[in-house]
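Undergrad: I have a structure I would like to understand better, so I am pasting it below and will then ask my questions one at a time.
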2 protein chains.
Amino acid sequence: MARRGETLELAVLGLLHEGPMHGYELRKRLNLMLGWGRVLSYGSLYPALKKMLRGNLIKEVVPSGPQSRRQRIVYEVTPQGTEEFARMMSDVGPSAWEDDTFDIRFRFFSSTDMEIRLRVLEGRRSRLQERLDRVQRELSMTQAEVDRYAAELQRHGVESVEREVRWLSDLINAERGQGNQPVLPVTSPETPSTSTST
Amino acid sequence: MARRGETLELAVLGLLHEGPMHGYELRKRLNLMLGWGRVLSYGSLYPALKKMLRGNLIKEVVPSGPQSRRQRIVYEVTPQGTEEFARMMSDVGPSAWEDDTFDIRFRFFSSTDMEIRLRVLEGRRSRLQERLDRVQRELSMTQAEVDRYAAELQRHGVESVEREVRWLSDLINAERGQGNQPVLPVTSPETPSTSTST
DNA sequence: GTTAGCATGTAAGGAGTTACATGATTTT
DNA sequence: AAAATCATGTAACTCCTTACATGCTAAC
């Protein structure tokens, strides 16, 4: 059911699976992936880490060297953490193709199997398709007086979403054709606007 | 200084300037513009309307017809509301080119003059450019082991932001060349990836 | 040795969601 | 007349940010 707030946990567990890290470092990496603009504050991160410590998902690493270079607290994943991460990744509910969550799941796709990946990609795609349909429908009703800038914003928005749909479709094909072709997914030099008229 | 939370107020005032509306209707329109996926809950909207009522930014409209078709409460903007809206729109601070806020400001660009519009567009553009630079810089450092999916996500992200930068540039040019050309801004069939190497 | 930036943390508060609760109007 | 959906509202809670507070370590 993926309660809200698992997003950060998922991201942290994913990153820690790539190696032990301290909070400050985690934040830097999270900021690179989280929503492309947002920055995560310490006020969110540290309490979350504390909570995960209490839940035994992660544990503090005792630095092996003699002089410990104390102060920074390095975390690593516990077996329970690994289990929980796997559970979260394979728990494909509607929230998995939400804007925020999708990126994080995608980022850690290597940790799941193709079946899950396909379900997430396809879920995301139909979610976007729904949005397009909804806007298109809504647009044909309000048609009357349209502000110039409002219209331009709609146009650009629709185009962006259509673009992401194409991206997802390419990825889905790549996953399906996996084994035959080189799996480097796409980088198509922009599909030349395959008529998207109503 | 645009305190956070003015976003919704701005959107509501903007919409109400296009005509009186009741809350339910407002929500529908807000959902079409707000963040392209998010839906605004009543738990946000109605308290916000109450607050704006108290602040005299909007007022209830007494339905003119004889049988009032009661139940829905139609709002319209007060002179103070118009004033406040103008103030907000011309208050161009860093928050004006934040993801959420930018779209709403753009949506109501018709209500401001070119000077403001240009400042918002240019601000947004440099904000995006900063992001790109930051990622590019960060990317050259972490270069080591890159996960396939992580890399693909980065690639797609960078491409999307670059795309938006081009869009903004076109709009800026359209604003500047305003009066000469027909101002319908662009719809360029995808600039063929002008090398964005370091 | 002092400034700059690394590193961790907490408390208060904002903005919005969920869930709940209710009643009117339109459709079937 | 029942069901659907329009329409408004409130209370509790969640997630996150801001602002504050503190100490270590590296550079100059």
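By convention in this document, the chains of the structure tokens carry letters A, B, ... by their order, each chain's residues are numbered from 1, and ligands are numbered from 1 in the order they are shown.
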May I ask you to extract the residues of chain B within 8 Å of chain A, using only C-alpha atoms, and to give them as a list in words?

TA: Leu32, Trp36, Gly37, Asp99, Asp103, Phe106, Arg107, Phe108, Phe109, Ser110, Arg131, Val135, Asp147, Arg148, Tyr149, Ala150, Glu152, Leu153, Gly157, Pro185, Pro189, Glu190 and Pro192 of chain B

Undergrad: Do you know which residues are at most 12 Å from DC16 in chain D counting only C-alpha atoms (C1' of nucleotides), after dropping those on the same chain fewer than 5 positions away, and could you put them as a list in words?

TA: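 Near DC16 in chain D, the qualifying residues are Gly5, Leu8, Arg38, Val39, Leu40, Ser41, Tyr42, Gly43, Ser44, Leu45, Pro47 and Ala48 of chain A; DG13, DG14, DA15 and DG16 of chain C.
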
Undergrad: Select all residues from chain B having any atom no more than 7 Å from an atom of chain D (counting only C-alpha atoms (C1' of nucleotides), ignoring ligands), output as a list in words.

TA: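 Listed by rising number, the hits are Tyr24, Gln71 and Arg72 of chain B.
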
Undergrad: Kindly give the distance, in Å, that separates CA of Leu10 in chain B and CA of Ile172 in chain B, rounded to a single decimal.

TA: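 Computed distance, CA of Leu10 in chain B to CA of Ile172 in chain B, equals 23.0 Å.
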
Undergrad: Contacts from chain C to chain A, 12 Å maximum, only C-alpha atoms (C1' of nucleotides): show me the residue list as a PyMOL selection string.

TA: chain C and resi 6-12+17-18

Undergrad: Would you mind writing down, as a ChimeraX atom specification, each residue of range 56-171 of chain A that DSSP on the backbone assigns to strand (DSSP E)?

TA: /A:58-60,74-77

Undergrad: Which value, in Å to one decimal, gives the distance between CA of Arg27 in chain B and CA of Leu49 in chain B?

TA: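 So the answer is 11.2 Å.
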
Undergrad: Kindly indicate which residue among A:Arg117, A:Arg125, A:His17, A:Arg137 lies nearest to Ile58 in chain A, using only C-alpha atoms for the distances.

TA: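 Under the stated criterion, the closest residue is A:His17.
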
Undergrad: When DSSP is applied to the backbone of this structure, which of range 10-197 of chain B are assigned helix (DSSP H, G or I)? Write them out as a ChimeraX atom specification.

TA: /B:10-16,23-33,42-54,79-90,94-97,99-107,109-111,114-142,148-176

Undergrad: State, in Å with one decimal place, the distance from CA of Val165 in chain A to CA of Ala174 in chain B.

TA: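 According to the coordinates, CA of Val165 in chain A and CA of Ala174 in chain B are separated by 28.5 Å.
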
Undergrad: Find the residue from B:Glu9, B:Gln129, B:Glu76, B:Ala86 that sits nearest to Lys51 in chain B; use only C-alpha atoms when measuring.

TA: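 That would be B:Glu9, the residue with the smallest distance to Lys51 in chain B.
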
Undergrad: Report as a PyMOL selection string all protein, DNA and RNA residues lying within 12 Å of Glu83 in chain A, evaluated on only C-alpha atoms (C1' of nucleotides), omitting residues in the same chain fewer than 3 positions from it.

TA: chain A and resi 10+13-14+17+56-58+77-80+86-90+111
